[in-house]
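Data block for upload.cif (mmCIF, C-alpha atoms):
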```
data_my_file
#
loop_
_atom_site.label_atom_id
_atom_site.label_comp_id
_atom_site.auth_asym_id
_atom_site.auth_seq_id
_atom_site.Cartn_x
_atom_site.Cartn_y
_atom_site.Cartn_z
CA MET T 1 0.00 0.00 0.00
CA LYS T 2 2.82 2.40 0.88
CA LYS T 3 4.58 1.61 -2.40
CA ASN T 4 1.43 2.35 -4.43
CA PHE T 5 0.88 5.61 -2.56
CA LEU T 6 4.53 6.65 -3.10
CA LEU T 7 4.27 5.77 -6.80
CA LEU T 8 1.09 7.85 -7.11
CA ILE T 9 2.79 10.86 -5.46
CA MET T 10 5.80 10.58 -7.80
CA LEU T 11 3.60 10.41 -10.91
CA PHE T 12 1.61 13.42 -9.73
CA ALA T 13 4.87 15.35 -9.13
CA PHE T 14 6.10 14.66 -12.68
CA TYR T 15 2.73 15.59 -14.13
CA SER T 16 2.64 18.89 -12.24
CA VAL T 17 6.17 19.79 -13.39
CA LYS T 18 5.11 19.16 -16.98
CA ALA T 19 1.99 21.27 -16.50
CA GLN T 20 4.04 24.17 -15.17
CA ASN T 21 6.26 24.02 -18.22
CA GLU T 22 3.28 24.18 -20.59
CA ASN T 23 1.71 27.16 -18.83
CA GLY T 24 4.97 29.07 -18.30
CA THR T 25 7.07 31.10 -20.71
CA ASP T 26 7.83 28.08 -22.94
CA ALA T 27 4.23 28.15 -24.18
CA ASN T 28 4.71 31.58 -25.82
CA PRO T 29 4.94 30.85 -29.58
CA TYR T 30 6.90 34.08 -30.20
CA GLN T 31 9.59 33.47 -27.57
CA LYS T 32 12.25 31.71 -29.57
CA ASN T 33 15.76 33.04 -29.22
CA ASN T 34 17.36 32.60 -32.66
CA GLU T 35 16.48 34.04 -36.03
CA ILE T 36 17.89 33.88 -39.57
CA ARG T 37 16.93 36.26 -42.37
CA LEU T 38 17.56 36.90 -46.06
CA ASN T 39 17.27 40.39 -47.58
CA LEU T 40 14.94 40.29 -50.59
CA ILE T 41 15.99 43.63 -52.14
CA ALA T 42 19.76 43.03 -52.05
CA PRO T 43 19.70 41.14 -55.40
CA LEU T 44 18.43 44.35 -57.02
CA ALA T 45 21.83 45.85 -56.12
CA GLY T 46 23.69 42.78 -57.40
CA ALA T 47 24.34 41.46 -53.90
CA VAL T 48 23.21 39.00 -51.28
CA GLU T 49 22.62 39.78 -47.59
CA ALA T 50 21.94 37.28 -44.82
CA GLY T 51 21.69 37.79 -41.09
CA PHE T 52 21.51 35.98 -37.75
CA GLU T 53 19.97 37.44 -34.60
CA ARG T 54 20.01 36.20 -30.99
CA HIS T 55 17.30 37.58 -28.69
CA LEU T 56 18.52 38.44 -25.20
CA ASN T 57 15.08 39.21 -23.74
CA LYS T 58 11.70 40.65 -24.76
CA ASN T 59 13.14 44.01 -25.78
CA SER T 60 16.72 43.51 -26.95
CA SER T 61 18.86 41.38 -29.22
CA LEU T 62 22.32 41.06 -30.75
CA GLY T 63 22.92 40.09 -34.34
CA ILE T 64 25.24 40.07 -37.31
CA SER T 65 24.59 40.54 -41.01
CA ALA T 66 26.82 40.03 -44.03
CA PHE T 67 26.42 41.79 -47.39
CA PHE T 68 28.41 40.54 -50.39
CA VAL T 69 28.35 42.02 -53.91
CA TYR T 70 28.39 39.44 -56.72
CA ASP T 71 27.63 41.77 -59.66
CA ASN T 72 29.88 44.83 -59.83
CA THR T 73 27.91 46.32 -62.74
CA GLU T 74 24.95 46.96 -60.38
CA ASN T 75 26.92 48.06 -57.31
CA GLU T 76 30.16 49.65 -58.48
CA ASP T 77 31.61 50.88 -55.20
CA LEU T 78 30.81 48.61 -52.24
CA ASN T 79 32.39 45.13 -52.19
CA TYR T 80 31.10 43.77 -48.88
CA TYR T 81 30.39 44.56 -45.25
CA ILE T 82 30.06 42.50 -42.11
CA SER T 83 27.93 44.29 -39.56
CA PRO T 84 27.26 43.37 -35.91
CA TYR T 85 24.37 45.22 -34.28
CA TYR T 86 22.32 45.71 -31.12
CA ARG T 87 18.55 46.25 -31.34
CA TYR T 88 16.00 47.52 -28.88
CA TYR T 89 12.34 46.61 -29.57
CA PHE T 90 9.30 48.65 -28.57
CA GLY T 91 6.61 46.10 -29.56
CA LYS T 92 4.28 44.26 -27.20
CA LYS T 93 5.19 40.81 -28.55
CA TYR T 94 8.53 39.14 -27.87
CA ALA T 95 11.31 40.90 -29.87
CA SER T 96 9.03 42.34 -32.54
CA GLY T 97 7.43 45.61 -33.62
CA PHE T 98 9.25 48.91 -34.07
CA PHE T 99 12.98 48.85 -33.23
CA VAL T 100 16.07 51.04 -33.19
CA GLU T 101 19.57 49.70 -33.71
CA GLY T 102 23.15 50.70 -33.33
CA PHE T 103 25.62 48.97 -35.63
CA GLY T 104 29.24 48.73 -36.57
CA ALA T 105 30.47 47.54 -39.95
CA PHE T 106 33.75 46.28 -41.34
CA THR T 107 33.64 47.31 -45.00
CA SER T 108 35.52 46.93 -48.26
CA ILE T 109 34.92 49.81 -50.67
CA ASP T 110 36.55 50.58 -54.01
CA GLY T 111 39.38 53.09 -53.87
CA LYS T 112 39.27 56.66 -55.12
CA LYS T 113 38.78 57.08 -58.87
CA ILE T 114 41.32 59.30 -60.61
CA TYR T 115 39.99 60.68 -63.90
CA ALA T 116 42.17 61.35 -66.93
CA ALA T 117 42.26 64.68 -68.80
CA ASP T 118 39.35 63.63 -71.04
CA ASN T 119 37.22 63.23 -67.85
CA VAL T 120 35.80 59.94 -69.19
CA THR T 121 38.45 57.33 -68.49
CA PHE T 122 39.73 56.73 -64.99
CA THR T 123 41.99 54.55 -62.95
CA GLU T 124 41.00 53.23 -59.59
CA LYS T 125 43.16 52.91 -56.51
CA LYS T 126 43.12 49.62 -54.60
CA ASP T 127 40.22 48.67 -52.32
CA VAL T 128 39.82 50.46 -49.00
CA TYR T 129 39.05 48.59 -45.79
CA ASP T 130 37.39 50.59 -43.04
CA VAL T 131 35.13 50.49 -40.01
CA ALA T 132 31.84 52.36 -39.83
CA LEU T 133 29.51 53.21 -36.94
CA GLY T 134 25.86 54.00 -37.45
CA ALA T 135 22.25 53.79 -36.39
CA GLY T 136 19.08 52.47 -37.93
CA LEU T 137 15.42 51.78 -37.40
CA GLY T 138 12.84 49.35 -38.64
CA TYR T 139 9.81 47.20 -38.01
CA LYS T 140 9.54 43.42 -37.51
CA LEU T 141 6.45 41.24 -37.80
CA VAL T 142 6.54 37.65 -36.46
CA THR T 143 3.93 34.93 -37.00
CA LYS T 144 3.10 32.17 -34.52
CA LYS T 145 4.78 29.63 -36.81
CA GLY T 146 8.05 31.60 -36.61
CA LEU T 147 7.99 33.33 -40.00
CA VAL T 148 9.63 36.77 -39.80
CA PHE T 149 9.06 39.82 -42.02
CA GLU T 150 11.29 42.86 -41.52
CA ALA T 151 11.83 46.31 -43.04
CA ASN T 152 14.84 48.37 -41.92
CA ALA T 153 17.11 51.25 -42.88
CA GLY T 154 20.40 52.40 -41.41
CA TYR T 155 23.10 55.00 -41.98
CA GLY T 156 26.72 54.94 -40.84
CA LYS T 157 29.91 56.95 -41.33
CA LEU T 158 33.34 55.57 -42.19
CA LEU T 159 35.80 56.27 -39.38
CA PHE T 160 39.37 55.92 -40.63
CA ASN T 161 39.89 55.81 -44.41
CA ALA T 162 37.09 57.93 -45.85
CA ASP T 163 39.64 60.17 -47.60
CA LYS T 164 40.93 57.19 -49.66
CA THR T 165 37.57 56.51 -51.31
CA ASP T 166 34.84 58.46 -53.07
CA HIS T 167 32.30 57.58 -50.36
CA ASP T 168 32.28 58.21 -46.63
CA VAL T 169 28.97 56.53 -45.67
CA VAL T 170 27.51 53.04 -45.36
CA ALA T 171 23.78 52.72 -45.98
CA LYS T 172 21.80 49.63 -45.02
CA PHE T 173 18.34 48.98 -46.48
CA GLY T 174 16.33 45.82 -46.23
CA LEU T 175 13.06 44.04 -46.80
CA SER T 176 13.78 40.66 -45.31
CA ILE T 177 12.10 37.34 -44.73
CA GLY T 178 13.28 34.83 -42.19
CA TYR T 179 12.56 32.17 -39.62
CA ARG T 180 12.64 32.29 -35.82
CA PHE T 181 13.68 29.09 -34.04
#
```
Mind turning this structure into structure tokens?
Amino acid sequence: MKKNFLLLIMLFAFYSVKAQNENGTDANPYQKNNEIRLNLIAPLAGAVEAGFERHLNKNSSLGISAFFVYDNTENEDLNYYISPYYRYYFGKKYASGFFVEGFGAFTSIDGKKIYAADNVTFTEKKDVYDVALGAGLGYKLVTKKGLVFEANAGYGKLLFNADKTDHDVVAKFGLSIGYRF
């Protein structure tokens, strides 16, 4: 009799622990901590951009995105950038809604163009590597199944070698689709 009673108490304890897990924060379909995304408008600039984001809590996350140009006829100046960022979300759902971000970027940009006397032909100095700091904003929509839609824009300034290139800014634009897991 004592063994049956002890067994019944143990089964009830395991069942109650499972019930707490289902009713707690694990039951929130939006609270998944990892996310991958692909920028849908980057191919219009002859490039590809992918990103990974790790959610720290309901309102903040850290991430990294990489932008690589594969067609230099569409995007003649930027070669690539790798950009870590921090985001703060203002939405009611877990890590979604309107956000602001601060980012850094390691970039490779074409060197300064030196035009000949005819002002048509030019030679180009070698590629310039630099670091940029900037800020951005955007909006993220997340479905219960984990599908992510995002629109964002950001603007940053080159810090060290802006005088060696024709550009001194890094602009980030995106309409992205992704998955939260």
Using all atoms listed in the file for the distances, tell me which of T:Phe173, T:Tyr179, T:Phe106, T:Tyr85 is nearest to Leu62 in chain T. T:Tyr85
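Of note, CA of Glu101 in chain T and CA of Lys164 in chain T are spaced 27.7 Å apart.
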Please work out which residues fall within 10 Å of (8.9, 34.6, -46.3), coordinates as given in the file, with only C-alpha atoms counting, and return them as a PDB file with C-alpha atoms, in the frame of the given file.
```
ATOM      1  CA  ARG T  37      16.930  36.260 -42.370  1.00  0.00           C
ATOM      2  CA  LEU T  38      17.560  36.900 -46.060  1.00  0.00           C
ATOM      3  CA  LEU T  40      14.940  40.290 -50.590  1.00  0.00           C
ATOM      4  CA  LEU T 147       7.990  33.330 -40.000  1.00  0.00           C
ATOM      5  CA  VAL T 148       9.630  36.770 -39.800  1.00  0.00           C
ATOM      6  CA  PHE T 149       9.060  39.820 -42.020  1.00  0.00           C
ATOM      7  CA  GLU T 150      11.290  42.860 -41.520  1.00  0.00           C
ATOM      8  CA  SER T 176      13.780  40.660 -45.310  1.00  0.00           C
ATOM      9  CA  ILE T 177      12.100  37.340 -44.730  1.00  0.00           C
ATOM     10  CA  GLY T 178      13.280  34.830 -42.190  1.00  0.00           C
ATOM     11  CA  TYR T 179      12.560  32.170 -39.620  1.00  0.00           C
TER      12      TYR T 179
END
```
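Of the residues under consideration (T:Ala66, T:Val169, T:Ala95, T:Ile41), T:Ala95 shows the shortest atom-to-atom contact distance to Arg54 in chain T when counting only C-alpha atoms.
CA of Pro43 in chain T sits 22.4 Å away from CA of Gly104 in chain T.
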Counting all atoms listed in the file, which residues come within 12 Å of (24.1, 38.1, -45.9), with the point read in the file's coordinates, and could you list them as a PyMOL selection string? chain T and resi 36-43+47-52+63-70+80-84+172+174+176+178
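In this structure, CA of Asp77 in chain T sits 17.8 Å away from CA of Gly154 in chain T.
Proximity to Ser61 in chain T was assessed for T:Asn161, T:Asn152, T:Thr107, T:Ser96 counting all atoms listed in the file; the smallest distance is recorded for T:Ser96.
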Explicit residues for the PyMOL selection byres ((chain T and resi 132) around 8) (as a PyMOL selection string): chain T and resi 104-107+130-131+133-134+156-159+169-170
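Using only C-alpha atoms, the smallest distance between any of T:Gly97, T:Gly146, T:Gly102, T:Gly138 and Asn59 in chain T comes from T:Gly97.
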